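Structure first, commentary second.
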Amino acid sequence: MKTYYSPTHEYVRVDGNIGYIGITDYAQNALGNVVYVDMPETGDDVTAGEDFGAVESVKAASDLISPVSGAVVEVNEHLIDNPRLINENAVENWIIKVEMTDLSELDDLMDEDAYNKLVASEKH
Amino acid sequence: MNRQLYNKLIFELSHKGRKGYELPKSGVESADLNDIPSSLLRKEPLHLPEVDEPTVVRHYTNMSTNNFGVDTGFYPLGSCTMKYNPKINDEIATAHAPADLHPSVPASMAQGALEAYWTLQKQLCEIAGMAEFTLNPFAGAHGELTGLMVIRAAHDAAGDTERDIVIVPDSAHGTNPASAAVAGLKVVEVKSMPDGTVDVEALSELVDKHGPKIAAMMMTNPNTLGIFESRIPEIAEMVHGAGGLMYYDGANLNPLVGVARPGDMGFDVMHINLHKTFSTPHGGGGPGSGPVGVRAGLEKFLPSPRVVRRDNGTYNIESPETALGSISATLGNYAVQLRALSYILSLGREGVKEVGPMATLPANYIKESLRDVYELPVDRVCKHEFVFDGLKDKSTGCTTLNVAKRLLDFGFHAPTIYFPLLFHESLMIEPTETESLETIDEFVKVMREIAREAAEEPDLLKNAPLVTPVRHPDDTKAALDPKITYFEL
Amino acid sequence: MHRYIPHTPEDIAAMLERCGMQTTAELYSDVPESLLHKGEYDLPGGMSETEIRRFFDALNERNAKLTCFAGGGFYHHYSPAAVNAVVSRSEFLTAYTPYQPEISQGTLQYIFEYQSMMSDLTGLPVSNASMYDGTTATAEAMIMSTAASRKRSRVAVSRSVREATLRVLHTYARYHGVDLVEVAETEDGVTDRFALSLLISSGELAGVIVPSVNRHGIIEDFTGLADECHAKKTLLIVNADASSLAVLRTPGEWGADIACGDAQSLGLPLNYGGPYLGYICASKALMRKMPGRIVGATTDDSGQRVFVLTLQAREQHIRRDKATSNICSNQGLMALYVTVYMSLMGANGLREVACAGHSGAAYLSSALERTGKMKRRYPASPVLNEFEMITEEPAAELIARCASEGILAGIATGEHSILIAVTEMQTKADMDRYAEVVAQYSSNN
């Protein structure tokens with residue numbers, strides 16, 4: 001499975017035409033203690049570049065921008081009762097699982113190297 | 001203020017069989033509600049406390065001592081204008097006001113009340129340089145929303161229905177974009193210069209790009225750094241040239257009272273926070289009042305109901321067809337309006353000229369007195385407030401939050417912190433015109449002492465507050481597992 | 001200097017010196033000359049406190065002093081003297097929003113009590129710290145329903161909600177982009193359930209807004225409505241007068257998702273329109289869609305129970321244009337007012353208030369009918385303390401004639417109809433006198 005990254009710090013881990021979307025470790029770290037994840041419902045459509053929810057900490061909130069388009073086939077229900085799972089392991093704890101409709105959208109995203117460079121530049 | 005927390009809840013003082021009221025006897029025999037079908041009646045009994053009057057009075061009196069108000073001490077909360085709230089205003093609003101007057105009485109029976117409304121709106125026109133005000137909006141944010149509706153109604157009336165963009169400086173308070181969103185408008189941010197003023201060249205590009213889509217530009221002046229936007233005539237000309245209107249957010253009006261008027265700067269629509277500039281108490285978060293003023297030509301769009309003065313000197317309430325609609329059931333927070341009117345009558349034409357300069361001078365004095373120990377990112381004459389970017393010496397890791405919390409230990413309210421977002425460690429100080437030089441000097445002394453602690457005893461500072469009745473409430477716990485009523489405890 | 005400004009010439013000189021300035025005019029050296037206001041303001045000369053009192057007393061002379069039978073959402077109620085005494089404490093009055101919880105526990109604690117009491121009244125678990133008034137609270141509920149649905153922008157409102165609420169809803173809907181559709185009334189003056197069911201069945205509604213006690217004073221019956229709405233993922237919003245919920249079936253008991261309305265009836269003075277209080281309560285599922293401030297309980301370092309503003313990521317100062325609402329200042333002190341009021345009154349007091357209004361309404365409507373000049377508009381419908389009458393005399397003339405006798409007869413709802421409210425504040429003698437004045441109509445002709 002390959003992982004792609006967006007400039008707004010979401011990742012999509014790709015398995016065939018299924019994408020697991022979450023926020024990066026860098027993003028969870030910047031946000032601090034996550035207290036709530038606002039998620040769409042199964043069956044909802046998401047569009048690349050548009051928000052599908054938000055992650056909230058005590059005094060900040062960050063929109064979740066979908067890196068790809070498609071239909072939500074599952075939401076990570078563990079996050080409802082335990083949003084801090086994102087702080088514990090943002091990579092493992094994806095937020096939504098999407099059936100992607102346009103795999104060519106992945107070409108517009110970054111690979112791990114490119115993303116790490118972006119993060120390094122933002123830290124300065 | 002108490003040094004010990006009183007944290008009981010009224011529910012915990014309940015004792016079955018006690019009561020704190022006695023209804024008047026009307027002479028009509030009070031029947032039960034038997035003729036109302038039982039399917040329409042409440043099933044679940046109420047769980048309100050049963051308490052006697054002395055218990056209630058002591059409970060809330062003790063509770064009040066956990067609070068810090070303007071009457072307790074210095075409240076230099078930037079952008080909130082925590083000036084003294086004169087007591088005569090409260091007396092007027094309770095003992096010399098029509099407390100039993102119903103808002104639906106025909107205008108002929110409320111001529112005094114309507115004259116008070118009309119007089120205040122005319123005085124605000126004079127002070128702000130506008131043609132007419134509505135006093136109906138309940139608060140500043142409500143005023144913003146109403147003002148943006150005025151702007152949309154004006155564009156619509158001109159057949160100009162495509163304008164849906166509001167330009168807002170990136171330093172603006174979050175309420176501006178939130179109000180724009182409620183009014184169905186999109187926000188485009190314009191960059192600030194390093195000194196916090198609007199980047200006029202960047203604005204020019206935005207105006208070229210979005211011209212026919214621009215509904216308005218919304219700004220405060222002075223801006224959130226307390227700096228006067230000297231290029232305001234040019235900015236207004238640019239926005240007007242594209243067909244947009246200029247909106248003045250009155251959050252920072254205090255330094256201009258008696259000195260300069262938004263209406264003379266090219267602003268078309270504005271709101272005033274009576275609970276900031278015109279001394280009405282904040283009440284722990286309300287009730288405020290957010291009158292909206294417009295320049296000549298836009299009056300007809302103001303919301304209904306409107307108070308008008310007839311040629312014969314009597315007053316009437318009207319709902320013109322051109323109005324944007326209604327944003328309230330009544331003429332607004334009337335008793336708050338009375339307080340503001342009382343304040344302006346007290347100031348009079350002489351006193352009004354003293355407000356702006358006397359609010360501005362102490363701000364500059366504090367800035368000059370602390371700039372060697374706190375980081376001053378914009379070194380210019382400020383207006384009623386200014387912003388430090390934290391301590392000058394950050395090497396010990398002490399933050400603006402530490403400074404703010406330590407101030408509480410010394411009996412001062414904290415300044416506004418982490419706003420504006422232009423700096424990482426914003427500390428925004430607004431002294432207002434009603435604080436004596438002794439109080440201001442004491443504040444300066446304490447701020448210098450805190451800077452010394454940051455250098456010499458940083459661990460102490462990082463633990464602040466040290467002596468308040470409550471220390472370091474767990475915000476994360478509150479948000480993760482919200483308990484928002486007594487019944488969830 | 002004016003008495004509210006403590007600076008002496010020496011103080012000013014000292015401050016100017018620190019700033020390196022000679023005159024206060026230099027403070028405005030960055031303001032273009034053309035923008036400075038020259039000359040006098042057209043305002044009266046400053047007044048002393050005594051002159052201010054005289055000024056307002058003279059104005060007040062020109063307001064009619066009337067025995068109030070008007071309602072329409074705002075009622076003349078008794079309020080214990082202790083309420084005003086507590087609310088006037090300047091620790092409450094002169095505080096700002098409780099952003100520093102260490103020195104704002106007083107405010108935070110009463111908001112928590114207020115939220116608890118409103119939740120109890122409405123039968124819904126979540127309340128915020130207050131809204132401006134009932135009309136804007138209902139408009140926020142409407143917007144909340146569209147935001148919660150994510151995709152739907154259509155909301156239905158019963159024509160039987162009060163006129164002012166309807167007006168404000170239309171204004172907010174027009175600018176915010178909500179497709180607000182009105183549901184007609186039946187001949188009996190209540191929501192046309194058949195028409196409403198048809199709209200709900202389309203599956204396109206984000207929310208449905210209905211009044212508990214409607215604009216005619218009638219208590220409406222919503223049996224089955226919540227199930228109909230929820231089957232189509234539509235939110236049920238019940239607009240209700242707070243005081244009435246002490247005895248009437250609650251929005252929670254009707255299965256509503258949101259309750260909203262005015263709370264002036266919990267003892268707030270009429271004050272010619274304000275400040276009043278709006279409220280909004282909701283189900284747990286909608287907690288994070290709520291507008292405005294919410295206070296929660298937590299603990300501090302020493303383990304004490306303390307209160308903080310919570311769920312702030314919904315709000316304008318963090319979410320900016322994505323916030324659930326733009327509201328910041330609310331009606332905080334009025335929330336304290338009704339909290340103290342409800343503490344003193346308790347469940348029994350609120351029930352007595354409701355019963356007194358109900359009995360009074362029954363007495364007065366009979367007395368007025370006996371004059372032969374008025375009849376109940378909806379005689380078969382259940383009412384609490386407010387009812388609508390058809391008048392033989394034009395309503396405006398009746399109101400003017402009663403006013404000259406010291407009576408505010410009610411609110412004209414049409415050329416020959418009037419809405420009349422009774423509370424514990426009007427005596428039997430007041431009501432008899434009202435009926436007498438009505439009866440004199442023909443003799444005036």
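Lettering and numbering for the structure tokens are positional, with chains as A, B, ... in the shown order, residues counted from 1 in each chain, and ligands counted from 1 in the shown order.
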
Closest contacts (stretch 374-450 of chain B/stretch 457-461 of chain B, max 10 Å, only C-alpha atoms) as CSV:
```
residue,atom,partner,partner_atom,distance
B:Ser395,CA,B:Pro458,CA,9.8
B:Thr396,CA,B:Pro458,CA,6.3
B:Gly397,CA,B:Pro458,CA,7.6
B:Cys398,CA,B:Pro458,CA,6.5
B:Thr399,CA,B:Leu461,CA,9.1
B:Leu401,CA,B:Leu461,CA,9.7
B:Asn402,CA,B:Leu461,CA,5.9
B:Val403,CA,B:Leu461,CA,7.2
B:Ala404,CA,B:Leu461,CA,9.9
B:Lys405,CA,B:Leu461,CA,8.5
B:Arg406,CA,B:Leu461,CA,6.6
B:Ile450,CA,B:Leu461,CA,7.6
```

Just to be explicit: take each residue in the selection above, keep C-alpha atoms, and write the result as a PDB file, in the first residue's frame.
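Listed below is the output, selection_37.pdb:
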```pdb
ATOM      1  CA  SER B 395      15.286  32.643  26.571  1.00  0.00           C
ATOM      2  CA  THR B 396      13.779  31.175  29.735  1.00  0.00           C
ATOM      3  CA  GLY B 397      10.761  29.893  27.834  1.00  0.00           C
ATOM      4  CA  CYS B 398       8.190  32.072  29.571  1.00  0.00           C
ATOM      5  CA  THR B 399       5.160  32.800  27.392  1.00  0.00           C
ATOM      6  CA  LEU B 401       0.086  32.912  28.799  1.00  0.00           C
ATOM      7  CA  ASN B 402       2.425  32.847  31.811  1.00  0.00           C
ATOM      8  CA  VAL B 403       2.477  36.643  31.954  1.00  0.00           C
ATOM      9  CA  ALA B 404      -1.308  36.827  31.687  1.00  0.00           C
ATOM     10  CA  LYS B 405      -1.881  34.266  34.432  1.00  0.00           C
ATOM     11  CA  ARG B 406       0.679  35.916  36.721  1.00  0.00           C
ATOM     12  CA  ILE B 450       6.809  39.783  35.989  1.00  0.00           C
TER      13      ILE B 450
END
```

All residues 6 Å or closer to C:Val247, only C-alpha atoms, same chain fewer than 3 positions away omitted, as a PyMOL selection string: (chain B and resi 41-42) or (chain C and resi 244)

Next, the residues of the selection above should be written as an mmCIF file, in the first residue's frame with C-alpha atoms.
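As written to disk, part_3.cif reads:
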```cif
data_model
loop_
_atom_site.group_PDB
_atom_site.id
_atom_site.type_symbol
_atom_site.label_atom_id
_atom_site.label_comp_id
_atom_site.auth_asym_id
_atom_site.auth_seq_id
_atom_site.Cartn_x
_atom_site.Cartn_y
_atom_site.Cartn_z
ATOM 1 C CA LEU B 41 -49.229 18.676 29.739
ATOM 2 C CA ARG B 42 -45.772 18.045 31.069
ATOM 3 C CA SER C 244 -45.013 27.730 29.915
#
```

What's the 6 Å shell around stretch 113-127 of chain C, counting only C-alpha atoms, without same-chain residues fewer than 3 positions away, as a list in words? Thr485 and Tyr486 of chain B; Tyr110, Leu245, Thr250, Pro251, Gly252, Cys281, Ala282, Ser283 and Thr339 of chain C

Residues as selected, N, CA, C and O atoms, written as a CSV table (one decimal), in the first residue's frame, can you do that?
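The new file part_14.csv reads:
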```
chain,number,residue,atom,x,y,z
B,485,THR,N,-24.5,20.1,32.4
B,485,THR,CA,-25.6,20.4,33.3
B,485,THR,C,-25.4,19.6,34.7
B,485,THR,O,-24.6,18.7,34.7
B,486,TYR,N,-26.1,20.1,35.7
B,486,TYR,CA,-26.0,19.5,37.0
B,486,TYR,C,-26.4,18.0,37.0
B,486,TYR,O,-25.8,17.2,37.7
C,110,TYR,N,-22.9,30.4,37.4
C,110,TYR,CA,-24.3,30.7,37.1
C,110,TYR,C,-24.8,30.3,35.7
C,110,TYR,O,-25.9,29.9,35.5
C,245,LEU,N,-43.3,26.0,29.9
C,245,LEU,CA,-42.8,24.6,29.9
C,245,LEU,C,-42.8,24.0,31.3
C,245,LEU,O,-42.6,22.8,31.5
C,250,THR,N,-43.1,19.1,27.2
C,250,THR,CA,-41.9,19.8,26.8
C,250,THR,C,-41.5,19.4,25.4
C,250,THR,O,-41.9,18.3,24.9
C,251,PRO,N,-40.6,20.2,24.8
C,251,PRO,CA,-40.1,19.8,23.5
C,251,PRO,C,-39.4,18.4,23.5
C,251,PRO,O,-39.6,17.6,22.6
C,252,GLY,N,-38.7,18.2,24.6
C,252,GLY,CA,-38.1,16.8,24.8
C,252,GLY,C,-39.2,15.7,24.8
C,252,GLY,O,-39.0,14.7,24.1
C,281,CYS,N,-31.9,24.9,23.2
C,281,CYS,CA,-31.5,23.7,23.8
C,281,CYS,C,-31.6,22.6,22.7
C,281,CYS,O,-32.4,22.8,21.7
C,282,ALA,N,-30.9,21.5,22.9
C,282,ALA,CA,-30.9,20.5,21.8
C,282,ALA,C,-30.5,19.1,22.4
C,282,ALA,O,-30.1,19.0,23.5
C,283,SER,N,-30.6,18.2,21.5
C,283,SER,CA,-30.3,16.8,21.8
C,283,SER,C,-28.8,16.7,21.9
C,283,SER,O,-28.0,17.5,21.4
C,339,THR,N,-32.1,32.6,36.3
C,339,THR,CA,-31.6,31.5,37.2
C,339,THR,C,-31.9,31.8,38.6
C,339,THR,O,-32.4,30.9,39.3
```

Contacts of B:Pro469 at 9 Å or less, counting only C-alpha atoms, minus same-chain residues fewer than 3 places along, as a ChimeraX atom specification? /B:2-6,66,466 /C:102-103

Which residues are near stretch 88-104 of chain A? Cut-off 8 Å, only C-alpha atoms, ignore same chain within fewer than 5 positions. Put them as a short mmCIF file (atom, residue, chain, number, x, y, z; two decimals) with N, CA, C and O atoms, in the first residue's frame.
```
data_model
loop_
_atom_site.label_atom_id
_atom_site.label_comp_id
_atom_site.auth_asym_id
_atom_site.auth_seq_id
_atom_site.Cartn_x
_atom_site.Cartn_y
_atom_site.Cartn_z
N ASN A 17 -8.70 0.50 -5.17
CA ASN A 17 -9.43 1.77 -5.33
C ASN A 17 -9.97 2.27 -3.99
O ASN A 17 -10.83 3.14 -3.94
N ILE A 18 -9.48 1.68 -2.90
CA ILE A 18 -9.88 2.14 -1.56
C ILE A 18 -8.79 3.04 -0.99
O ILE A 18 -7.60 2.73 -1.07
N GLY A 19 -9.21 4.17 -0.44
CA GLY A 19 -8.27 5.09 0.19
C GLY A 19 -8.62 5.28 1.66
O GLY A 19 -9.78 5.47 2.00
N TYR A 20 -7.60 5.19 2.54
CA TYR A 20 -7.80 5.46 3.96
C TYR A 20 -7.29 6.87 4.22
O TYR A 20 -6.10 7.13 4.02
N ILE A 21 -8.16 7.75 4.65
CA ILE A 21 -7.78 9.17 4.79
C ILE A 21 -7.66 9.54 6.27
O ILE A 21 -8.54 9.21 7.08
N GLY A 22 -6.59 10.21 6.60
CA GLY A 22 -6.40 10.68 7.98
C GLY A 22 -5.52 11.92 7.98
O GLY A 22 -5.25 12.49 6.92
N ILE A 23 -5.11 12.34 9.17
CA ILE A 23 -4.18 13.48 9.24
C ILE A 23 -2.80 12.95 9.63
O ILE A 23 -2.68 11.92 10.28
N THR A 24 -1.79 13.69 9.25
CA THR A 24 -0.42 13.23 9.46
C THR A 24 0.01 13.44 10.91
O THR A 24 -0.63 14.17 11.67
N ASP A 25 1.09 12.78 11.25
CA ASP A 25 1.61 12.91 12.60
C ASP A 25 2.00 14.36 12.88
O ASP A 25 1.79 14.88 13.97
N GLN A 28 -1.24 16.25 13.74
CA GLN A 28 -1.79 15.98 15.09
C GLN A 28 -0.93 16.65 16.15
O GLN A 28 -1.43 17.15 17.14
N MET A 39 -17.02 13.85 11.65
CA MET A 39 -16.87 12.99 10.48
C MET A 39 -18.15 12.95 9.65
O MET A 39 -19.24 13.14 10.19
N VAL A 68 -8.75 13.17 -2.08
CA VAL A 68 -9.30 12.48 -3.26
C VAL A 68 -10.82 12.58 -3.27
O VAL A 68 -11.43 12.92 -2.26
N SER A 69 -11.41 12.23 -4.41
CA SER A 69 -12.87 12.20 -4.51
C SER A 69 -13.37 10.77 -4.41
O SER A 69 -12.67 9.84 -4.81
N GLY A 70 -14.60 10.61 -3.91
CA GLY A 70 -15.16 9.27 -3.83
C GLY A 70 -16.30 9.20 -2.84
O GLY A 70 -16.80 10.23 -2.37
N ALA A 71 -16.71 7.98 -2.52
CA ALA A 71 -17.81 7.77 -1.58
C ALA A 71 -17.26 7.19 -0.28
O ALA A 71 -16.39 6.31 -0.31
N VAL A 72 -17.77 7.66 0.83
CA VAL A 72 -17.33 7.16 2.13
C VAL A 72 -17.93 5.78 2.34
O VAL A 72 -19.16 5.62 2.31
N VAL A 73 -17.07 4.76 2.51
CA VAL A 73 -17.60 3.42 2.75
C VAL A 73 -17.54 3.04 4.23
O VAL A 73 -18.22 2.14 4.67
N GLU A 74 -16.71 3.76 4.98
CA GLU A 74 -16.64 3.48 6.40
C GLU A 74 -16.06 4.70 7.11
O GLU A 74 -15.21 5.39 6.56
N VAL A 75 -16.52 4.95 8.33
CA VAL A 75 -15.86 5.97 9.15
C VAL A 75 -15.28 5.24 10.36
O VAL A 75 -15.81 4.21 10.79
N ASN A 76 -14.21 5.77 10.89
CA ASN A 76 -13.53 5.12 12.01
C ASN A 76 -14.28 5.42 13.31
O ASN A 76 -14.09 6.46 13.93
N LEU A 79 -13.02 6.59 16.84
CA LEU A 79 -12.68 8.00 17.13
C LEU A 79 -13.81 8.74 17.83
O LEU A 79 -13.61 9.80 18.40
#
```

Fewer than 6 positions away in the same chain doesn't count, so skip those; otherwise give me all residues within 12 Å of B:Ala335, counting only C-alpha atoms, as a ChimeraX atom specification. /B:89-101,113,116-117,135-136,138,274-275,280-281,287-289,341-342 /C:268-276,334

What gap, in Å, lies between atom CA of B:Thr81 and atom CA of B:His282?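 If I compute the distance from atom CA of B:Thr81 to atom CA of B:His282, I get 9.9 Å.
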
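Look at C:Glu315: the protein and nucleic acid residues within 9 Å of it, using only C-alpha atoms and passing over chain neighbours fewer than 3 places away, are Gly174, Thr175 and Ala178 of chain B; Pro291, Gly292, Arg293, Leu311, Gln312, Ile318, Arg319, Arg320, Lys322, Ala323, Thr324, Ser325, Asn326, Ile327 and Cys328 of chain C.
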
Interface residues on chain A facing chain B, 10 Å, only C-alpha atoms, written as an mmCIF file with N, CA, C and O atoms, in the first residue's frame:
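Wrote it out as selection09.cif, contents follow:
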```
data_model
loop_
_atom_site.group_PDB
_atom_site.id
_atom_site.type_symbol
_atom_site.label_atom_id
_atom_site.label_comp_id
_atom_site.auth_asym_id
_atom_site.auth_seq_id
_atom_site.Cartn_x
_atom_site.Cartn_y
_atom_site.Cartn_z
ATOM 1 N N ASN A 33 -3.895 18.061 21.897
ATOM 2 C CA ASN A 33 -4.860 17.036 22.315
ATOM 3 C C ASN A 33 -6.162 17.107 21.515
ATOM 4 O O ASN A 33 -6.906 18.079 21.629
ATOM 5 N N VAL A 34 -6.431 16.080 20.733
ATOM 6 C CA VAL A 34 -7.665 16.062 19.955
ATOM 7 C C VAL A 34 -8.814 15.696 20.885
ATOM 8 O O VAL A 34 -8.744 14.715 21.633
ATOM 9 N N VAL A 35 -9.884 16.512 20.862
ATOM 10 C CA VAL A 35 -11.024 16.234 21.732
ATOM 11 C C VAL A 35 -12.262 15.812 20.950
ATOM 12 O O VAL A 35 -13.237 15.334 21.519
ATOM 13 N N TYR A 36 -12.217 16.002 19.629
ATOM 14 C CA TYR A 36 -13.404 15.644 18.846
ATOM 15 C C TYR A 36 -13.040 15.563 17.371
ATOM 16 O O TYR A 36 -12.255 16.366 16.868
ATOM 17 N N GLU A 56 -10.877 18.725 16.151
ATOM 18 C CA GLU A 56 -10.852 19.803 17.140
ATOM 19 C C GLU A 56 -9.959 19.459 18.320
ATOM 20 O O GLU A 56 -10.008 18.349 18.845
ATOM 21 N N SER A 57 -9.177 20.445 18.737
ATOM 22 C CA SER A 57 -8.518 20.348 20.026
ATOM 23 C C SER A 57 -9.223 21.351 20.931
ATOM 24 O O SER A 57 -10.263 21.889 20.567
ATOM 25 N N VAL A 58 -8.690 21.598 22.133
ATOM 26 C CA VAL A 58 -9.428 22.457 23.064
ATOM 27 C C VAL A 58 -9.625 23.866 22.500
ATOM 28 O O VAL A 58 -10.712 24.423 22.538
ATOM 29 N N LYS A 59 -8.553 24.433 21.943
ATOM 30 C CA LYS A 59 -8.668 25.823 21.499
ATOM 31 C C LYS A 59 -8.290 26.015 20.047
ATOM 32 O O LYS A 59 -7.884 27.101 19.621
ATOM 33 N N ASP A 81 -15.615 7.706 20.440
ATOM 34 C CA ASP A 81 -15.432 7.620 21.893
ATOM 35 C C ASP A 81 -14.020 7.975 22.335
ATOM 36 O O ASP A 81 -13.798 8.347 23.478
ATOM 37 N N ASN A 82 -13.077 7.817 21.426
ATOM 38 C CA ASN A 82 -11.701 8.049 21.827
ATOM 39 C C ASN A 82 -10.921 8.835 20.764
ATOM 40 O O ASN A 82 -10.080 8.282 20.058
ATOM 41 N N PRO A 83 -11.233 10.119 20.656
ATOM 42 C CA PRO A 83 -10.579 10.928 19.612
ATOM 43 C C PRO A 83 -9.064 11.023 19.799
ATOM 44 O O PRO A 83 -8.339 11.287 18.850
ATOM 45 N N ARG A 84 -8.605 10.756 21.025
ATOM 46 C CA ARG A 84 -7.171 10.901 21.274
ATOM 47 C C ARG A 84 -6.344 9.816 20.575
ATOM 48 O O ARG A 84 -5.122 9.891 20.560
#
```

Just how far from atom CA of C:Thr67 is atom CA of C:Glu369, in Å to one decimal?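 Straight-line distance from atom CA of C:Glu369 to atom CA of C:Thr67 works out to 19.8 Å.
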
Of the listed residues B:Gly147, B:Pro86, B:Pro54, B:Gly283, that which approaches chain C most closely, counting only C-alpha atoms: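 When distances to chain C are compared using only C-alpha atoms, the smallest one comes from B:Gly283.
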
Mind pulling up the distance from atom CA of B:Leu376 to atom CA of B:Arg448? 14.4 Å

Write out as number ranges by chain the set of residues from stretch 128-370 of chain B that DSSP, computed on the backbone, places in alpha helix (DSSP H). B: 128, 140-157, 175-182, 200-210, 232-241, 334-370

Proximal residues of chain C relative to chain A (only C-alpha atoms; 12 Å) as a list in words: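 Contact residues on the first chain: Tyr99, Ala147, Ala148, Ser149, Arg150, Lys151, Ala285, Leu286, Met287, Arg288, Lys289, Val308, Leu309, Thr310, Leu311, Gln312, Ala313, Arg314, Glu315, Gln316, His317, Ile318, Arg319, Arg320, Asp321, Lys322 and Ala323 of chain C.
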
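Shortest separation to chain C among B:His155, B:His102, B:Arg306, B:His15 occurs at residue B:His102, atoms counted being only C-alpha atoms.
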
Using DSSP assignments from the backbone, pull out every residue in stretch 61-245 of chain B that falls under strand (DSSP E) and give it to me as a ChimeraX atom specification. /B:132-134,165-169,186-190,214-219,245
